[in-house]
$ cat input-v8.cif   # mmCIF, C-alpha atoms
data_my_file
loop_
_atom_site.group_PDB
_atom_site.id
_atom_site.type_symbol
_atom_site.label_atom_id
_atom_site.label_comp_id
_atom_site.auth_asym_id
_atom_site.auth_seq_id
_atom_site.Cartn_x
_atom_site.Cartn_y
_atom_site.Cartn_z
ATOM 1 C CA MET A 1 -60.527 -49.670 83.903
ATOM 2 C CA GLU A 2 -58.818 -50.938 87.087
ATOM 3 C CA PHE A 3 -56.422 -53.780 87.775
ATOM 4 C CA PHE A 4 -57.001 -53.454 91.505
ATOM 5 C CA LYS A 5 -60.123 -52.442 93.390
ATOM 6 C CA GLN A 6 -59.873 -49.404 95.618
ATOM 7 C CA ASN A 7 -60.751 -51.511 98.659
ATOM 8 C CA THR A 8 -57.505 -53.536 98.563
ATOM 9 C CA THR A 9 -55.806 -53.695 101.949
ATOM 10 C CA ILE A 10 -52.165 -54.489 101.149
ATOM 11 C CA ASP A 11 -49.963 -53.467 104.072
ATOM 12 C CA PHE A 12 -47.149 -51.761 102.153
ATOM 13 C CA MET A 13 -45.749 -49.939 105.172
ATOM 14 C CA ALA A 14 -45.200 -53.201 107.087
ATOM 15 C CA GLN A 15 -42.136 -53.788 104.889
ATOM 16 C CA ARG A 16 -40.841 -50.228 104.966
ATOM 17 C CA LYS A 17 -37.821 -51.004 107.196
ATOM 18 C CA TRP A 18 -36.616 -53.800 104.894
ATOM 19 C CA ALA A 19 -37.324 -51.643 101.855
ATOM 20 C CA MET A 20 -35.358 -48.772 103.362
ATOM 21 C CA LEU A 21 -32.443 -51.127 104.030
ATOM 22 C CA LEU A 22 -32.558 -52.303 100.412
ATOM 23 C CA SER A 23 -32.561 -48.700 99.182
ATOM 24 C CA ILE A 24 -29.579 -47.800 101.354
ATOM 25 C CA VAL A 25 -27.616 -50.825 100.113
ATOM 26 C CA LEU A 26 -28.367 -50.062 96.441
ATOM 27 C CA PHE A 27 -27.576 -46.378 96.950
ATOM 28 C CA VAL A 28 -24.232 -47.074 98.644
ATOM 29 C CA LEU A 29 -23.254 -49.667 96.020
ATOM 30 C CA SER A 30 -24.101 -47.171 93.263
ATOM 31 C CA LEU A 31 -21.946 -44.490 94.888
ATOM 32 C CA PHE A 32 -19.105 -46.997 95.306
ATOM 33 C CA SER A 33 -19.324 -47.994 91.640
ATOM 34 C CA LEU A 34 -19.293 -44.343 90.572
ATOM 35 C CA ALA A 35 -16.290 -43.626 92.788
ATOM 36 C CA TYR A 36 -14.351 -46.749 91.750
ATOM 37 C CA TYR A 37 -15.238 -47.200 88.076
ATOM 38 C CA GLY A 38 -16.629 -43.794 87.172
ATOM 39 C CA LEU A 39 -18.994 -43.270 84.265
ATOM 40 C CA ASN A 40 -18.215 -44.376 80.734
ATOM 41 C CA TRP A 41 -18.753 -40.920 79.275
ATOM 42 C CA GLY A 42 -19.862 -40.642 75.671
ATOM 43 C CA LEU A 43 -18.393 -38.277 73.105
ATOM 44 C CA ASP A 44 -21.023 -35.698 74.027
ATOM 45 C CA PHE A 45 -19.058 -35.091 77.228
ATOM 46 C CA THR A 46 -15.468 -36.140 76.419
ATOM 47 C CA GLY A 47 -15.094 -34.822 72.874
ATOM 48 C CA GLY A 48 -14.092 -36.876 69.862
ATOM 49 C CA THR A 49 -14.940 -37.656 66.253
ATOM 50 C CA GLN A 50 -18.023 -39.264 64.744
ATOM 51 C CA ILE A 51 -17.937 -40.664 61.214
ATOM 52 C CA GLN A 52 -21.001 -41.857 59.350
ATOM 53 C CA LEU A 53 -20.209 -44.565 56.814
ATOM 54 C CA SER A 54 -22.330 -46.413 54.294
ATOM 55 C CA TYR A 55 -21.775 -49.817 52.707
ATOM 56 C CA PRO A 56 -23.205 -51.310 49.509
ATOM 57 C CA GLN A 57 -24.437 -54.280 51.560
ATOM 58 C CA ALA A 58 -25.380 -54.931 55.186
ATOM 59 C CA ALA A 59 -22.485 -53.942 57.444
ATOM 60 C CA ASP A 60 -20.855 -56.403 59.846
ATOM 61 C CA LEU A 61 -20.480 -54.326 63.032
ATOM 62 C CA THR A 62 -18.253 -56.868 64.766
ATOM 63 C CA GLN A 63 -15.838 -57.037 61.855
ATOM 64 C CA ILE A 64 -15.709 -53.239 61.618
ATOM 65 C CA HIS A 65 -14.928 -52.942 65.326
ATOM 66 C CA ASP A 66 -12.208 -55.600 65.106
ATOM 67 C CA SER A 67 -10.606 -53.809 62.147
ATOM 68 C CA LEU A 68 -10.601 -50.500 64.019
ATOM 69 C CA GLU A 69 -9.171 -52.149 67.128
ATOM 70 C CA LYS A 70 -6.271 -53.571 65.121
ATOM 71 C CA ALA A 71 -5.710 -50.119 63.596
ATOM 72 C CA GLY A 72 -5.218 -48.590 67.054
ATOM 73 C CA PHE A 73 -8.763 -47.580 68.023
ATOM 74 C CA PRO A 74 -9.692 -50.064 70.790
ATOM 75 C CA GLU A 75 -12.319 -47.722 72.283
ATOM 76 C CA ALA A 76 -14.170 -47.206 68.995
ATOM 77 C CA VAL A 77 -17.961 -47.474 69.244
ATOM 78 C CA VAL A 78 -19.694 -48.885 66.149
ATOM 79 C CA VAL A 79 -23.500 -48.798 65.876
ATOM 80 C CA SER A 80 -26.084 -49.045 63.124
ATOM 81 C CA PHE A 81 -27.371 -45.683 61.965
ATOM 82 C CA GLY A 82 -30.756 -45.751 60.263
ATOM 83 C CA THR A 83 -30.416 -48.817 58.024
ATOM 84 C CA SER A 84 -28.289 -51.968 58.182
ATOM 85 C CA LYS A 85 -26.022 -50.452 55.511
ATOM 86 C CA ASP A 86 -25.289 -47.253 57.448
ATOM 87 C CA VAL A 87 -22.820 -47.212 60.344
ATOM 88 C CA LEU A 88 -21.883 -44.554 62.882
ATOM 89 C CA VAL A 89 -18.311 -44.814 64.191
ATOM 90 C CA SER A 90 -17.375 -42.844 67.325
ATOM 91 C CA LEU A 91 -13.663 -42.382 67.983
ATOM 92 C CA VAL A 92 -11.820 -41.050 71.007
ATOM 93 C CA PRO A 93 -8.646 -39.198 69.963
ATOM 94 C CA LYS A 94 -5.368 -40.956 70.682
ATOM 95 C CA GLU A 95 -3.961 -37.749 72.196
ATOM 96 C CA LYS A 96 -4.599 -37.210 75.884
ATOM 97 C CA ASN A 97 -5.795 -33.697 75.115
ATOM 98 C CA PRO A 98 -8.200 -33.733 72.143
ATOM 99 C CA ALA A 99 -8.028 -29.943 71.948
ATOM 100 C CA THR A 100 -4.499 -30.222 70.517
ATOM 101 C CA MET A 101 -5.814 -31.970 67.389
ATOM 102 C CA ASP A 102 -5.834 -29.648 64.411
ATOM 103 C CA GLU A 103 -7.695 -30.087 61.149
ATOM 104 C CA LYS A 104 -4.755 -31.922 59.582
ATOM 105 C CA ALA A 105 -4.592 -34.480 62.429
ATOM 106 C CA ARG A 106 -8.340 -35.120 62.285
ATOM 107 C CA THR A 107 -8.185 -35.589 58.511
ATOM 108 C CA ALA A 108 -5.347 -38.085 58.902
ATOM 109 C CA MET A 109 -7.365 -40.022 61.496
ATOM 110 C CA VAL A 110 -10.408 -40.186 59.193
ATOM 111 C CA ASN A 111 -8.232 -41.349 56.292
ATOM 112 C CA GLN A 112 -6.754 -44.064 58.530
ATOM 113 C CA VAL A 113 -10.252 -45.286 59.362
ATOM 114 C CA LEU A 114 -11.262 -45.402 55.702
ATOM 115 C CA ALA A 115 -8.040 -47.264 54.856
ATOM 116 C CA VAL A 116 -8.824 -50.139 57.234
ATOM 117 C CA LEU A 117 -12.481 -50.334 56.186
ATOM 118 C CA PRO A 118 -12.506 -51.206 52.466
ATOM 119 C CA GLY A 119 -15.819 -50.662 50.751
ATOM 120 C CA ALA A 120 -16.960 -47.980 53.200
ATOM 121 C CA LYS A 121 -18.115 -44.621 51.879
ATOM 122 C CA MET A 122 -17.893 -41.605 54.183
ATOM 123 C CA ASN A 123 -21.066 -39.521 54.402
ATOM 124 C CA PHE A 124 -20.070 -36.955 57.008
ATOM 125 C CA VAL A 125 -17.636 -36.267 59.858
ATOM 126 C CA ASP A 126 -18.525 -34.475 63.068
ATOM 127 C CA TYR A 127 -15.995 -33.319 65.655
ATOM 128 C CA ILE A 128 -17.060 -32.560 69.242
ATOM 129 C CA GLY A 129 -14.616 -30.463 71.229
ATOM 130 C CA PRO A 130 -13.889 -31.309 74.897
ATOM 131 C CA THR A 131 -14.744 -27.776 76.013
ATOM 132 C CA VAL A 132 -18.286 -28.152 74.698
ATOM 133 C CA GLY A 133 -18.542 -31.540 76.414
ATOM 134 C CA GLN A 134 -17.459 -30.141 79.789
ATOM 135 C CA GLU A 135 -19.912 -27.274 79.442
ATOM 136 C CA MET A 136 -22.746 -29.729 78.694
ATOM 137 C CA ALA A 137 -21.880 -31.795 81.778
ATOM 138 C CA SER A 138 -21.747 -28.777 84.107
ATOM 139 C CA ARG A 139 -24.973 -27.290 82.769
ATOM 140 C CA GLY A 140 -26.734 -30.642 82.978
ATOM 141 C CA LEU A 141 -25.699 -31.024 86.642
ATOM 142 C CA MET A 142 -26.781 -27.468 87.414
ATOM 143 C CA ALA A 143 -30.164 -28.073 85.755
ATOM 144 C CA ILE A 144 -30.738 -31.155 87.935
ATOM 145 C CA ILE A 145 -29.812 -29.269 91.145
ATOM 146 C CA ILE A 146 -32.056 -26.309 90.335
ATOM 147 C CA SER A 147 -34.979 -28.573 89.417
ATOM 148 C CA LEU A 148 -34.637 -30.512 92.704
ATOM 149 C CA LEU A 149 -34.557 -27.314 94.758
ATOM 150 C CA GLY A 150 -37.553 -25.917 92.894
ATOM 151 C CA THR A 151 -39.467 -29.164 93.386
ATOM 152 C CA MET A 152 -38.685 -29.191 97.100
ATOM 153 C CA ILE A 153 -39.892 -25.602 97.544
ATOM 154 C CA TYR A 154 -43.109 -26.273 95.634
ATOM 155 C CA ILE A 155 -43.993 -29.431 97.582
ATOM 156 C CA ALA A 156 -43.186 -27.749 100.903
ATOM 157 C CA PHE A 157 -45.521 -24.888 99.989
ATOM 158 C CA ARG A 158 -48.228 -27.130 98.516
ATOM 159 C CA PHE A 159 -48.147 -29.924 101.107
ATOM 160 C CA ASP A 160 -45.663 -29.973 104.012
ATOM 161 C CA MET A 161 -41.898 -29.869 104.548
ATOM 162 C CA ARG A 162 -41.893 -33.582 105.450
ATOM 163 C CA PHE A 163 -43.407 -34.378 102.051
ATOM 164 C CA ALA A 164 -40.795 -32.146 100.421
ATOM 165 C CA ILE A 165 -37.878 -33.945 102.082
ATOM 166 C CA GLY A 166 -39.310 -37.401 101.320
ATOM 167 C CA SER A 167 -39.939 -36.646 97.653
ATOM 168 C CA THR A 168 -36.562 -34.944 97.161
ATOM 169 C CA VAL A 169 -34.682 -37.894 98.670
ATOM 170 C CA ALA A 170 -36.649 -40.198 96.336
ATOM 171 C CA LEU A 171 -35.721 -38.015 93.350
ATOM 172 C CA VAL A 172 -32.028 -38.219 94.291
ATOM 173 C CA HIS A 173 -32.317 -41.966 94.982
ATOM 174 C CA ASP A 174 -33.590 -42.867 91.487
ATOM 175 C CA PRO A 175 -30.950 -41.239 89.217
ATOM 176 C CA ILE A 176 -28.080 -42.323 91.474
ATOM 177 C CA ILE A 177 -29.120 -45.970 91.128
ATOM 178 C CA ILE A 178 -29.493 -45.564 87.344
ATOM 179 C CA VAL A 179 -26.041 -44.041 86.831
ATOM 180 C CA GLY A 180 -24.608 -46.560 89.312
ATOM 181 C CA ILE A 181 -25.835 -49.430 87.140
ATOM 182 C CA PHE A 182 -24.464 -47.671 84.047
ATOM 183 C CA SER A 183 -21.119 -47.312 85.837
ATOM 184 C CA PHE A 184 -20.967 -50.949 86.972
ATOM 185 C CA LEU A 185 -21.948 -52.343 83.541
ATOM 186 C CA ARG A 186 -19.668 -49.838 81.728
ATOM 187 C CA ILE A 187 -22.493 -48.663 79.481
ATOM 188 C CA GLU A 188 -21.834 -45.440 77.603
ATOM 189 C CA PHE A 189 -23.478 -42.421 79.240
ATOM 190 C CA ASN A 190 -24.268 -39.699 76.706
ATOM 191 C CA LEU A 191 -26.777 -36.885 76.257
ATOM 192 C CA ILE A 192 -29.524 -39.345 75.279
ATOM 193 C CA ALA A 193 -29.006 -41.270 78.527
ATOM 194 C CA LEU A 194 -29.019 -37.980 80.458
ATOM 195 C CA ALA A 195 -32.356 -37.119 78.851
ATOM 196 C CA ALA A 196 -33.699 -40.478 80.049
ATOM 197 C CA VAL A 197 -32.532 -39.757 83.621
ATOM 198 C CA LEU A 198 -34.291 -36.376 83.592
ATOM 199 C CA THR A 199 -37.419 -38.071 82.249
ATOM 200 C CA VAL A 200 -37.304 -40.573 85.115
ATOM 201 C CA ILE A 201 -37.117 -37.723 87.630
ATOM 202 C CA GLY A 202 -40.323 -36.253 86.235
ATOM 203 C CA TYR A 203 -42.018 -39.650 86.082
ATOM 204 C CA SER A 204 -41.148 -40.505 89.672
ATOM 205 C CA LEU A 205 -42.241 -37.092 90.922
ATOM 206 C CA ASN A 206 -45.620 -37.393 89.213
ATOM 207 C CA ASP A 207 -46.262 -40.759 90.881
ATOM 208 C CA THR A 208 -45.201 -39.385 94.267
ATOM 209 C CA ILE A 209 -47.456 -36.323 94.007
ATOM 210 C CA VAL A 210 -50.483 -38.502 93.221
ATOM 211 C CA ILE A 211 -49.920 -40.547 96.389
ATOM 212 C CA PHE A 212 -49.223 -37.473 98.548
ATOM 213 C CA ASP A 213 -52.361 -35.746 97.321
ATOM 214 C CA ARG A 214 -54.439 -38.783 98.295
ATOM 215 C CA VAL A 215 -52.713 -38.869 101.711
ATOM 216 C CA ARG A 216 -53.756 -35.280 102.349
ATOM 217 C CA GLU A 217 -57.363 -36.017 101.366
ATOM 218 C CA ASN A 218 -57.534 -39.128 103.550
ATOM 219 C CA PHE A 219 -56.096 -37.353 106.588
ATOM 220 C CA ARG A 220 -58.995 -34.916 106.403
ATOM 221 C CA LYS A 221 -61.534 -37.630 105.597
ATOM 222 C CA PHE A 222 -60.662 -40.340 108.140
ATOM 223 C CA ARG A 223 -60.330 -38.615 111.470
ATOM 224 C CA LYS A 224 -59.512 -41.696 113.568
ATOM 225 C CA ALA A 225 -56.873 -43.327 111.332
ATOM 226 C CA ASP A 226 -53.197 -42.913 112.197
ATOM 227 C CA ALA A 227 -50.464 -41.891 109.738
ATOM 228 C CA VAL A 228 -49.449 -45.447 108.787
ATOM 229 C CA GLU A 229 -53.051 -46.461 108.080
ATOM 230 C CA VAL A 230 -53.641 -43.367 105.972
ATOM 231 C CA MET A 231 -50.440 -43.948 103.962
ATOM 232 C CA ASN A 232 -51.362 -47.591 103.317
ATOM 233 C CA GLN A 233 -54.905 -46.674 102.335
ATOM 234 C CA SER A 234 -53.707 -43.935 99.974
ATOM 235 C CA ILE A 235 -51.246 -46.270 98.224
ATOM 236 C CA ASN A 236 -53.951 -48.928 97.834
ATOM 237 C CA GLN A 237 -56.393 -46.406 96.385
ATOM 238 C CA THR A 238 -53.868 -45.267 93.766
ATOM 239 C CA LEU A 239 -52.459 -48.751 93.132
ATOM 240 C CA SER A 240 -54.470 -49.398 89.961
ATOM 241 C CA ARG A 241 -53.397 -46.083 88.458
ATOM 242 C CA THR A 242 -49.752 -46.731 89.386
ATOM 243 C CA ILE A 243 -49.691 -50.239 87.884
ATOM 244 C CA MET A 244 -51.448 -49.203 84.681
ATOM 245 C CA THR A 245 -49.114 -46.242 84.122
ATOM 246 C CA SER A 246 -45.971 -48.257 84.830
ATOM 247 C CA VAL A 247 -46.959 -51.288 82.734
ATOM 248 C CA LEU A 248 -47.987 -49.227 79.706
ATOM 249 C CA ALA A 249 -44.815 -47.144 79.883
ATOM 250 C CA LEU A 250 -42.701 -50.302 80.198
ATOM 251 C CA MET A 251 -44.342 -51.816 77.123
ATOM 252 C CA VAL A 252 -43.251 -48.860 75.008
ATOM 253 C CA VAL A 253 -39.755 -48.718 76.487
ATOM 254 C CA LEU A 254 -39.220 -52.471 76.093
ATOM 255 C CA ALA A 255 -40.102 -52.109 72.413
ATOM 256 C CA LEU A 256 -37.417 -49.420 72.124
ATOM 257 C CA PHE A 257 -34.949 -51.609 74.007
ATOM 258 C CA PHE A 258 -35.359 -54.658 71.764
ATOM 259 C CA LEU A 259 -36.124 -52.949 68.436
ATOM 260 C CA GLY A 260 -34.493 -49.527 68.724
ATOM 261 C CA GLY A 261 -30.958 -50.664 67.983
ATOM 262 C CA ASN A 262 -27.695 -49.728 69.671
ATOM 263 C CA LEU A 263 -28.332 -46.001 69.316
ATOM 264 C CA LEU A 264 -31.285 -46.152 71.751
ATOM 265 C CA TYR A 265 -29.878 -48.877 73.999
ATOM 266 C CA GLY A 266 -28.706 -46.576 76.796
ATOM 267 C CA PHE A 267 -31.819 -44.404 76.604
ATOM 268 C CA SER A 268 -34.253 -47.311 76.826
ATOM 269 C CA LEU A 269 -32.262 -49.130 79.526
ATOM 270 C CA ALA A 270 -32.205 -46.005 81.708
ATOM 271 C CA LEU A 271 -35.977 -45.659 81.314
ATOM 272 C CA ILE A 272 -36.589 -49.328 82.168
ATOM 273 C CA ILE A 273 -34.552 -49.042 85.355
ATOM 274 C CA GLY A 274 -36.096 -45.671 86.151
ATOM 275 C CA ILE A 275 -39.708 -46.795 85.779
ATOM 276 C CA VAL A 276 -39.171 -49.771 88.092
ATOM 277 C CA VAL A 277 -37.096 -47.875 90.651
ATOM 278 C CA GLY A 278 -39.288 -44.762 90.427
ATOM 279 C CA THR A 279 -42.467 -46.715 91.158
ATOM 280 C CA TYR A 280 -40.741 -48.418 94.088
ATOM 281 C CA SER A 281 -39.309 -45.179 95.504
ATOM 282 C CA SER A 282 -42.642 -43.353 95.393
ATOM 283 C CA ILE A 283 -43.957 -45.889 97.904
ATOM 284 C CA TYR A 284 -41.006 -47.076 99.931
ATOM 285 C CA VAL A 285 -38.685 -44.062 99.871
ATOM 286 C CA ALA A 286 -40.892 -40.972 99.682
ATOM 287 C CA GLY A 287 -43.783 -42.469 101.671
ATOM 288 C CA SER A 288 -41.686 -44.277 104.287
ATOM 289 C CA LEU A 289 -39.367 -41.319 104.870
ATOM 290 C CA THR A 290 -42.324 -38.970 105.290
ATOM 291 C CA LEU A 291 -43.669 -41.217 108.053
ATOM 292 C CA ALA A 292 -40.220 -41.488 109.641
ATOM 293 C CA LEU A 293 -40.069 -37.677 109.853
ATOM 294 C CA GLY A 294 -43.147 -37.714 112.072
ATOM 295 C CA LEU A 295 -45.998 -36.864 109.714
ATOM 296 C CA ASN A 296 -49.358 -36.634 111.477
ATOM 297 C CA ARG A 297 -52.819 -35.228 110.940
ATOM 298 C CA GLN A 298 -52.040 -31.804 112.385
ATOM 299 C CA HIS A 299 -49.537 -31.072 109.622
ATOM 300 C CA LEU A 300 -52.219 -31.246 106.921
ATOM 301 C CA LEU A 301 -55.336 -29.894 108.612
ATOM 302 C CA ILE A 302 -56.609 -26.564 107.410
ATOM 303 C CA VAL A 303 -56.164 -23.981 110.135
ATOM 304 C CA PRO A 304 -59.441 -22.052 110.517
ATOM 305 C CA LYS A 305 -59.130 -18.316 110.244
ATOM 306 C CA ALA A 306 -60.104 -16.294 113.269
ATOM 307 C CA VAL A 307 -63.224 -14.228 112.634
ATOM 308 C CA ASP A 308 -63.768 -11.046 114.546
ATOM 309 C CA GLU A 309 -67.466 -11.092 115.564
ATOM 310 C CA ARG A 310 -67.351 -7.838 117.436
ATOM 311 C CA PRO A 311 -69.893 -5.307 116.285
#

$ encode --input "input-v8.cif" --output "structure tokens"
Amino acid sequence: MEFFKQNTTIDFMAQRKWAMLLSIVLFVLSLFSLAYYGLNWGLDFTGGTQIQLSYPQAADLTQIHDSLEKAGFPEAVVVSFGTSKDVLVSLVPKEKNPATMDEKARTAMVNQVLAVLPGAKMNFVDYIGPTVGQEMASRGLMAIIISLLGTMIYIAFRFDMRFAIGSTVALVHDPIIIVGIFSFLRIEFNLIALAAVLTVIGYSLNDTIVIFDRVRENFRKFRKADAVEVMNQSINQTLSRTIMTSVLALMVVLALFFLGGNLLYGFSLALIIGIVVGTYSSIYVAGSLTLALGLNRQHLLIVPKAVDERP
């Protein structure tokens, strides 16, 4: 099944300068937002207390949040947990250093929450220390750096260094824009959102590799076409596959966004942004940058091995 025939002749590369300008603007704005606002880190990274409560009837999340705010917890996060009667409350400690909270202080905080929420029954309490959160953040960053370096080495070995640079820049471009939007909108960034960002990196890379593989085939097949023509032709030939993959993935993620509740809000939003930006960057960041680095036919031709014909 195809949405587009393989003989489409859309000139994608004609807009590559404007697309590159758009990418630079979005990238710089994302960096500015991260520098000015920072990320709204979740308890997975900052440390804090999570309390699961249950009510005999459907819980009013707005009323619960207002009650906690009046009790001195303005940064409390209240979300549905499983059913409409179950609620997950995430609290940031009032102390500047959560590590100074002992068991007695945490118990007093939980009792204060239960006192301002009549009718709530506590199911469990989970405390996340700040040391664990910092370790998660550092290991997550290290995992992203190592994966990018490994990807760059593989693509340089499998294709060409110009492909490696183009794809790596695209892989950096996508998550920066995602976290920039999270920073600007002040959406909580937790481990679930981080998992979505890592998923987007893999999704974008897969799309880029498909296009690059077709570029290599077309360079060897069409001897008289220049680099821009080959890139355009390769994108057109894979256009149906790209659209089908992106649309089907978006359908699933949109269902999570609208029906998954507050717990999956950040995860689904990051995937929505990532699918759109990742599809765009595979064409206009990875492809355009590869051409700007001077890609030509000689970089992808198979060098014949010299054969010694001497007797």

$ residues_around --input "input-v8.cif" --residues "segment 185-202 of chain A" --least-positions-apart "4" --cutoff "10 Å" --atoms "only C-alpha atoms" --output "PDB file with C-alpha atoms, in the coordinates of the input"
ATOM      1  CA  SER A  33     -19.324 -47.994  91.640  1.00  0.00           C
ATOM      2  CA  TYR A  37     -15.238 -47.200  88.076  1.00  0.00           C
ATOM      3  CA  GLY A  38     -16.629 -43.794  87.172  1.00  0.00           C
ATOM      4  CA  LEU A  39     -18.994 -43.270  84.265  1.00  0.00           C
ATOM      5  CA  ASN A  40     -18.215 -44.376  80.734  1.00  0.00           C
ATOM      6  CA  TRP A  41     -18.753 -40.920  79.275  1.00  0.00           C
ATOM      7  CA  GLY A  42     -19.862 -40.642  75.671  1.00  0.00           C
ATOM      8  CA  LEU A  43     -18.393 -38.277  73.105  1.00  0.00           C
ATOM      9  CA  ASP A  44     -21.023 -35.698  74.027  1.00  0.00           C
ATOM     10  CA  PHE A  45     -19.058 -35.091  77.228  1.00  0.00           C
ATOM     11  CA  THR A  46     -15.468 -36.140  76.419  1.00  0.00           C
ATOM     12  CA  VAL A  77     -17.961 -47.474  69.244  1.00  0.00           C
ATOM     13  CA  GLY A 133     -18.542 -31.540  76.414  1.00  0.00           C
ATOM     14  CA  MET A 136     -22.746 -29.729  78.694  1.00  0.00           C
ATOM     15  CA  ALA A 137     -21.880 -31.795  81.778  1.00  0.00           C
ATOM     16  CA  GLY A 140     -26.734 -30.642  82.978  1.00  0.00           C
ATOM     17  CA  LEU A 141     -25.699 -31.024  86.642  1.00  0.00           C
ATOM     18  CA  ALA A 143     -30.164 -28.073  85.755  1.00  0.00           C
ATOM     19  CA  ILE A 144     -30.738 -31.155  87.935  1.00  0.00           C
ATOM     20  CA  SER A 147     -34.979 -28.573  89.417  1.00  0.00           C
ATOM     21  CA  LEU A 148     -34.637 -30.512  92.704  1.00  0.00           C
ATOM     22  CA  THR A 168     -36.562 -34.944  97.161  1.00  0.00           C
ATOM     23  CA  ALA A 170     -36.649 -40.198  96.336  1.00  0.00           C
ATOM     24  CA  LEU A 171     -35.721 -38.015  93.350  1.00  0.00           C
ATOM     25  CA  VAL A 172     -32.028 -38.219  94.291  1.00  0.00           C
ATOM     26  CA  HIS A 173     -32.317 -41.966  94.982  1.00  0.00           C
ATOM     27  CA  ASP A 174     -33.590 -42.867  91.487  1.00  0.00           C
ATOM     28  CA  PRO A 175     -30.950 -41.239  89.217  1.00  0.00           C
ATOM     29  CA  ILE A 176     -28.080 -42.323  91.474  1.00  0.00           C
ATOM     30  CA  ILE A 178     -29.493 -45.564  87.344  1.00  0.00           C
ATOM     31  CA  VAL A 179     -26.041 -44.041  86.831  1.00  0.00           C
ATOM     32  CA  GLY A 180     -24.608 -46.560  89.312  1.00  0.00           C
ATOM     33  CA  ILE A 181     -25.835 -49.430  87.140  1.00  0.00           C
ATOM     34  CA  ASN A 206     -45.620 -37.393  89.213  1.00  0.00           C
ATOM     35  CA  ASP A 207     -46.262 -40.759  90.881  1.00  0.00           C
ATOM     36  CA  THR A 208     -45.201 -39.385  94.267  1.00  0.00           C
ATOM     37  CA  LEU A 263     -28.332 -46.001  69.316  1.00  0.00           C
ATOM     38  CA  LEU A 264     -31.285 -46.152  71.751  1.00  0.00           C
ATOM     39  CA  TYR A 265     -29.878 -48.877  73.999  1.00  0.00           C
ATOM     40  CA  GLY A 266     -28.706 -46.576  76.796  1.00  0.00           C
ATOM     41  CA  PHE A 267     -31.819 -44.404  76.604  1.00  0.00           C
ATOM     42  CA  SER A 268     -34.253 -47.311  76.826  1.00  0.00           C
ATOM     43  CA  LEU A 269     -32.262 -49.130  79.526  1.00  0.00           C
ATOM     44  CA  ALA A 270     -32.205 -46.005  81.708  1.00  0.00           C
ATOM     45  CA  LEU A 271     -35.977 -45.659  81.314  1.00  0.00           C
ATOM     46  CA  ILE A 272     -36.589 -49.328  82.168  1.00  0.00           C
ATOM     47  CA  ILE A 273     -34.552 -49.042  85.355  1.00  0.00           C
ATOM     48  CA  GLY A 274     -36.096 -45.671  86.151  1.00  0.00           C
ATOM     49  CA  ILE A 275     -39.708 -46.795  85.779  1.00  0.00           C
ATOM     50  CA  VAL A 276     -39.171 -49.771  88.092  1.00  0.00           C
ATOM     51  CA  VAL A 277     -37.096 -47.875  90.651  1.00  0.00           C
ATOM     52  CA  GLY A 278     -39.288 -44.762  90.427  1.00  0.00           C
TER      53      GLY A 278
END

$ atom_distance --input "input-v8.cif" --atom1 "atom CA of Ser80 of chain A" --atom2 "atom CA of Gln50 of chain A"
12.8 Å

$ closest_atom_pairs --input "input-v8.cif" --of "segment 125-219 of chain A" --to "segment 284-296 of chain A" --cutoff "12 Å" --atoms "all atoms listed in the file" --output "JSON lines"
{"residue": "A:Phe159", "atom": "CA", "partner": "A:Leu295", "partner_atom": "CA", "distance": 11.3}
{"residue": "A:Asp160", "atom": "CA", "partner": "A:Leu295", "partner_atom": "CA", "distance": 9.0}
{"residue": "A:Met161", "atom": "CA", "partner": "A:Thr290", "partner_atom": "CA", "distance": 9.1}
{"residue": "A:Arg162", "atom": "CA", "partner": "A:Thr290", "partner_atom": "CA", "distance": 5.4}
{"residue": "A:Phe163", "atom": "CA", "partner": "A:Thr290", "partner_atom": "CA", "distance": 5.7}
{"residue": "A:Ala164", "atom": "CA", "partner": "A:Thr290", "partner_atom": "CA", "distance": 8.5}
{"residue": "A:Ile165", "atom": "CA", "partner": "A:Thr290", "partner_atom": "CA", "distance": 7.4}
{"residue": "A:Gly166", "atom": "CA", "partner": "A:Ala286", "partner_atom": "CA", "distance": 4.2}
{"residue": "A:Ser167", "atom": "CA", "partner": "A:Ala286", "partner_atom": "CA", "distance": 4.9}
{"residue": "A:Thr168", "atom": "CA", "partner": "A:Ala286", "partner_atom": "CA", "distance": 7.8}
{"residue": "A:Val169", "atom": "CA", "partner": "A:Ala286", "partner_atom": "CA", "distance": 7.0}
{"residue": "A:Ala170", "atom": "CA", "partner": "A:Ala286", "partner_atom": "CA", "distance": 5.5}
{"residue": "A:Leu171", "atom": "CA", "partner": "A:Ala286", "partner_atom": "CA", "distance": 8.7}
{"residue": "A:Val172", "atom": "CA", "partner": "A:Val285", "partner_atom": "CA", "distance": 10.5}
{"residue": "A:His173", "atom": "CA", "partner": "A:Val285", "partner_atom": "CA", "distance": 8.3}
{"residue": "A:Asp174", "atom": "CA", "partner": "A:Val285", "partner_atom": "CA", "distance": 9.9}
{"residue": "A:Ser204", "atom": "CA", "partner": "A:Ala286", "partner_atom": "CA", "distance": 10.0}
{"residue": "A:Leu205", "atom": "CA", "partner": "A:Ala286", "partner_atom": "CA", "distance": 9.7}
{"residue": "A:Asp207", "atom": "CA", "partner": "A:Ala286", "partner_atom": "CA", "distance": 10.3}
{"residue": "A:Thr208", "atom": "CA", "partner": "A:Ala286", "partner_atom": "CA", "distance": 7.1}
{"residue": "A:Ile209", "atom": "CA", "partner": "A:Ala286", "partner_atom": "CA", "distance": 9.8}
{"residue": "A:Val210", "atom": "CA", "partner": "A:Gly287", "partner_atom": "CA", "distance": 11.5}
{"residue": "A:Ile211", "atom": "CA", "partner": "A:Gly287", "partner_atom": "CA", "distance": 8.3}
{"residue": "A:Phe212", "atom": "CA", "partner": "A:Gly287", "partner_atom": "CA", "distance": 8.0}
{"residue": "A:Asp213", "atom": "CA", "partner": "A:Gly287", "partner_atom": "CA", "distance": 11.7}
{"residue": "A:Arg214", "atom": "CA", "partner": "A:Gly287", "partner_atom": "CA", "distance": 11.8}
{"residue": "A:Val215", "atom": "CA", "partner": "A:Gly287", "partner_atom": "CA", "distance": 9.6}
{"residue": "A:Arg216", "atom": "CA", "partner": "A:Asn296", "partner_atom": "CA", "distance": 10.2}
{"residue": "A:Asn218", "atom": "CA", "partner": "A:Asn296", "partner_atom": "CA", "distance": 11.7}
{"residue": "A:Phe219", "atom": "CA", "partner": "A:Asn296", "partner_atom": "CA", "distance": 8.4}
